[in-house]
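Down below is the structure, laid out as structure tokens.
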Amino acid sequence: MKTSISTRLFLAVLSTALFVALAMGVADSWSFARGFLGYLNELAVARMESVEPRFVEHYRQQGDWASVRGNPETWFELTRPDDDAEWPPEARPMPVSDLTGAVFRISLLDERGRLVMGFAEVGADAVRQPLQLDGRTVGWLAMTPFQSVTEVGGQRLLRNQLQASLSIGALAVLLAALIAWWVARRLLAPVRRVAAATHRLAAGDYGERVAVDSRDEVGQLARDFNRLAHTLERNEQMRRAFMTDVSHELRTPLSVLRGELEALEDGVRRLDGESLHSLQTEVAMLGQLVDDLYELSLADVGALTYRKSALDVAEQLRIAVAMFRERLAERRIDLELQLPERPLPVFADAGRLQQLFGNLLENSLRYTHAGGRLRIVAQEAAEAVSIDFLDSAPGVDERHLPRLFERFYRGEASRSRTSGGAGLGLAICLSIVEAHGGSLSARPSPLGGLWLNIALPRGAH
């Protein structure tokens with residue numbers, strides 16, 4: 001059976017808290033018991049050491065231990081607490097060690113280790129302190145340690161301590177369970193929503209979105225998912241539009257060719273120069289479309305070849321303009337070329353620059369009304385060479401400007417193929433400029449048409 005991440009997280013946190021609580025209880029009980037007994041034994045040994053001088057002095061006066069043997073009064077005098085001048089005899093406090101029964105576990109042994117007086121069960125684990133007089137051992141004081149808590153008060157204290165530890169451990173486990181439940185339900189709920197949305201996205205539902213209700217990492221995950229879904233949805237729309245546009249652009253010249261050939265075959269139209277020119281025009285348009293698609297496919301995979309060298313942009317512009325000057329004159333488009341006297345050095349591919357300028361000139365030639373103007377300005381700017389193409393009416397609505405460089409995009413759907421082309425020229429221009437490390441932007445022209453600006457990094461000349 002598949003276990004959800006929420007269940008696994010809950011069990012992991014709960015089991016960890018339970019283990020820590022149990023370990024804490026066991027360690028606390030062991031530490032308390034050992035520490036409690038050790039504390040009692042340390043007090044007892046200190047109590048025994050405090051009366052050692054009194055036993056030595058008694059032996060000095062009596063010469064033996066006979067007066068102590070079987071004499072409780074003498075034994076009490078020797079083992080009683082030290083006098084404290086600050087306290088009257090009737091109010092003198094009893095040492096803490098005596099409260100734990102240390103005075104009842106003291107034993108007096110003679111020099112041979114035989115019991116004289118005190119606790120009779122002197123074992124091998126008893127703490128022995130020699131009684132020395134003039135460098136000679138005259139006896140031993142022994143303190144039998146606690147091995148376990150046996151008296152009622154100690155047992156009650158130990159039991160209370162254990163109960164307190166277990167209560168704290170149980171409370172910690174309960175708190176950990178609540179935290180684990182909250183984490184599993186509250187924090188992982190958005191993750192589950194993202195996981196479910198991802199499953200639907202993988203199934204092809206590109207319109208899927210996830211609600212973002214936090215600013216933490218989970219919220220960032222949801223925002224990234226939404227951006228991914230938006231990108232996939234847009235790419236899918238572009239793919240479908242691309243296929244539609246390609247099929248349309250290919251169908252139109254093929255339909256014209258088919259119609260022309262059928263007319264020739266049926267004898268409706270004669271095979272003369274006019275019909276051949278019409279066929280050549282459609283074949284050229286079809287070939288140009290295929291060439292443009294091939295160029296863009298190479299640009300997408302970075303396979304376009306560039307043979308860059310130091311060259312003068314101004315000279316490349318003069319060459320490109322010279323090729324279009326006659327066609328511009330036929331449409332009565334006034335050409336204004338503004339170039340500086342000094343060279344404009346860049347490091348670029350001369351052939352690709354000619355393709356770039358040719359596409360831009362072709363774009364102005366197609367769109368600019370007859371009798372209009374085209375201004376080309378090239379100049380140095382900061383770290384780049386700036387080239388501006390400004391033409392006259394008709395213009396492009398500002399809402400269409402960001403999409404001018406998309407493939408098959410035309411600013412106006414009403415424009416025909418004859419005037420608008422396939423909509424690939426500016427996309428190819430953008431790929432060429434970006435391959436040279438530059439930028440291409442569009443804005444409204446002060447002449448009433450479109451203003452295209454190219455910025456190319458400066459290079460050595």
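Naming works like this for the structure tokens: A, B, ... for the chains as they're shown, residue 1 at the start of each chain, ligands 1 onward in shown order.
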Within region 217-400 of chain A, find each residue whose DSSP state, derived from the backbone, is alpha helix (DSSP H), and express the selection as a PyMOL selection string.
chain A and resi 217-266+273-300+313-330+350-367
Could you write those residues out with C-alpha atoms, as a compact mmCIF listing (two decimals), in the first residue's frame?
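result25.txt, freshly written:
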# COMPACT_ATOMS: atom_id res chain seq x y z
CA GLU A 217 9.64 28.00 -0.26
CA VAL A 218 6.34 26.21 -0.84
CA GLY A 219 4.83 29.42 -2.20
CA GLN A 220 7.88 29.85 -4.43
CA LEU A 221 7.34 26.30 -5.69
CA ALA A 222 3.74 27.17 -6.57
CA ARG A 223 4.79 30.36 -8.36
CA ASP A 224 7.47 28.49 -10.33
CA PHE A 225 4.91 25.85 -11.27
CA ASN A 226 2.52 28.53 -12.53
CA ARG A 227 5.29 30.11 -14.61
CA LEU A 228 6.19 26.69 -16.00
CA ALA A 229 2.56 25.95 -16.83
CA HIS A 230 2.19 29.37 -18.47
CA THR A 231 5.33 28.81 -20.54
CA LEU A 232 4.19 25.35 -21.63
CA GLU A 233 0.74 26.67 -22.47
CA ARG A 234 2.21 29.52 -24.50
CA ASN A 235 4.67 27.18 -26.25
CA GLU A 236 1.83 24.84 -27.12
CA GLN A 237 -0.18 27.75 -28.52
CA MET A 238 2.87 28.92 -30.48
CA ARG A 239 3.46 25.38 -31.76
CA ARG A 240 -0.09 25.09 -33.00
CA ALA A 241 0.01 28.57 -34.48
CA PHE A 242 3.37 27.76 -36.11
CA MET A 243 2.00 24.61 -37.69
CA THR A 244 -1.07 26.49 -38.89
CA ASP A 245 1.02 29.33 -40.32
CA VAL A 246 3.50 27.00 -41.99
CA SER A 247 0.74 24.96 -43.58
CA HIS A 248 -0.97 28.16 -44.74
CA GLU A 249 2.20 29.70 -46.12
CA LEU A 250 3.07 26.50 -47.96
CA ARG A 251 -0.47 25.91 -49.20
CA THR A 252 -0.84 29.31 -50.84
CA PRO A 253 2.07 29.15 -53.33
CA LEU A 254 1.41 25.46 -53.96
CA SER A 255 -2.24 26.23 -54.75
CA VAL A 256 -1.18 28.97 -57.15
CA LEU A 257 1.33 26.65 -58.80
CA ARG A 258 -1.26 23.90 -59.09
CA GLY A 259 -3.78 26.30 -60.61
CA GLU A 260 -1.25 27.67 -63.09
CA LEU A 261 -0.12 24.20 -64.14
CA GLU A 262 -3.70 22.95 -64.52
CA ALA A 263 -4.55 26.01 -66.61
CA LEU A 264 -1.56 25.30 -68.86
CA GLU A 265 -2.46 21.62 -69.06
CA ASP A 266 -6.09 22.36 -69.98
CA GLY A 273 6.71 34.67 -70.60
CA GLU A 274 3.95 35.98 -68.35
CA SER A 275 2.89 32.52 -67.15
CA LEU A 276 6.49 31.47 -66.61
CA HIS A 277 7.13 34.64 -64.59
CA SER A 278 4.08 33.88 -62.42
CA LEU A 279 5.32 30.32 -61.81
CA GLN A 280 8.83 31.56 -61.00
CA THR A 281 7.43 34.11 -58.55
CA GLU A 282 5.52 31.48 -56.61
CA VAL A 283 8.48 29.08 -56.65
CA ALA A 284 10.77 31.87 -55.41
CA MET A 285 8.33 32.71 -52.62
CA LEU A 286 8.10 29.05 -51.67
CA GLY A 287 11.89 28.71 -51.76
CA GLN A 288 12.34 31.82 -49.64
CA LEU A 289 9.92 30.46 -47.04
CA VAL A 290 11.75 27.13 -46.88
CA ASP A 291 15.12 28.91 -46.66
CA ASP A 292 13.86 31.14 -43.81
CA LEU A 293 12.50 28.16 -41.89
CA TYR A 294 15.80 26.37 -42.35
CA GLU A 295 17.71 29.44 -41.13
CA LEU A 296 15.55 29.65 -38.00
CA SER A 297 15.90 25.94 -37.29
CA LEU A 298 19.68 26.27 -37.44
CA ALA A 299 19.57 29.33 -35.19
CA ASP A 300 17.48 27.42 -32.62
CA VAL A 313 29.49 48.78 -40.23
CA ALA A 314 29.20 51.99 -42.23
CA GLU A 315 30.72 50.32 -45.28
CA GLN A 316 28.38 47.32 -44.92
CA LEU A 317 25.40 49.68 -44.81
CA ARG A 318 26.53 51.44 -47.98
CA ILE A 319 26.74 48.08 -49.77
CA ALA A 320 23.30 46.96 -48.58
CA VAL A 321 21.62 50.29 -49.43
CA ALA A 322 23.13 50.29 -52.91
CA MET A 323 21.37 46.99 -53.65
CA PHE A 324 17.95 48.41 -52.65
CA ARG A 325 18.28 51.98 -53.92
CA GLU A 326 16.66 51.27 -57.30
CA ARG A 327 13.69 49.40 -55.78
CA LEU A 328 13.17 52.17 -53.26
CA ALA A 329 13.22 54.73 -56.06
CA GLU A 330 10.56 52.75 -57.97
CA ALA A 350 29.96 40.41 -43.13
CA GLY A 351 27.57 37.99 -44.86
CA ARG A 352 25.22 37.85 -41.87
CA LEU A 353 25.24 41.64 -41.56
CA GLN A 354 24.25 41.90 -45.24
CA GLN A 355 21.43 39.43 -44.54
CA LEU A 356 20.38 41.49 -41.51
CA PHE A 357 20.38 44.83 -43.33
CA GLY A 358 18.72 43.27 -46.37
CA ASN A 359 15.84 41.92 -44.30
CA LEU A 360 15.32 45.29 -42.61
CA LEU A 361 15.40 47.12 -45.93
CA GLU A 362 12.98 44.58 -47.39
CA ASN A 363 10.70 45.09 -44.41
CA SER A 364 10.66 48.88 -44.93
CA LEU A 365 10.16 48.43 -48.67
CA ARG A 366 7.10 46.22 -48.12
CA TYR A 367 5.42 48.21 -45.40
Do a neighbour search on Leu335 (chain A) at 7 Å with only C-alpha atoms, toss out local chain neighbours closer than 6 positions, and write the hits as a ChimeraX atom specification.
/A:373-375
Selection: 8 Å around region 343-347 of chain A, only C-alpha atoms, excl. self and same-chain fewer than 6 positions, as a ChimeraX atom specification
/A:308-315,379-380,385,456-461
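One finds CA of Thr74 (chain A) at 12.2 Å from CA of Val116 (chain A).
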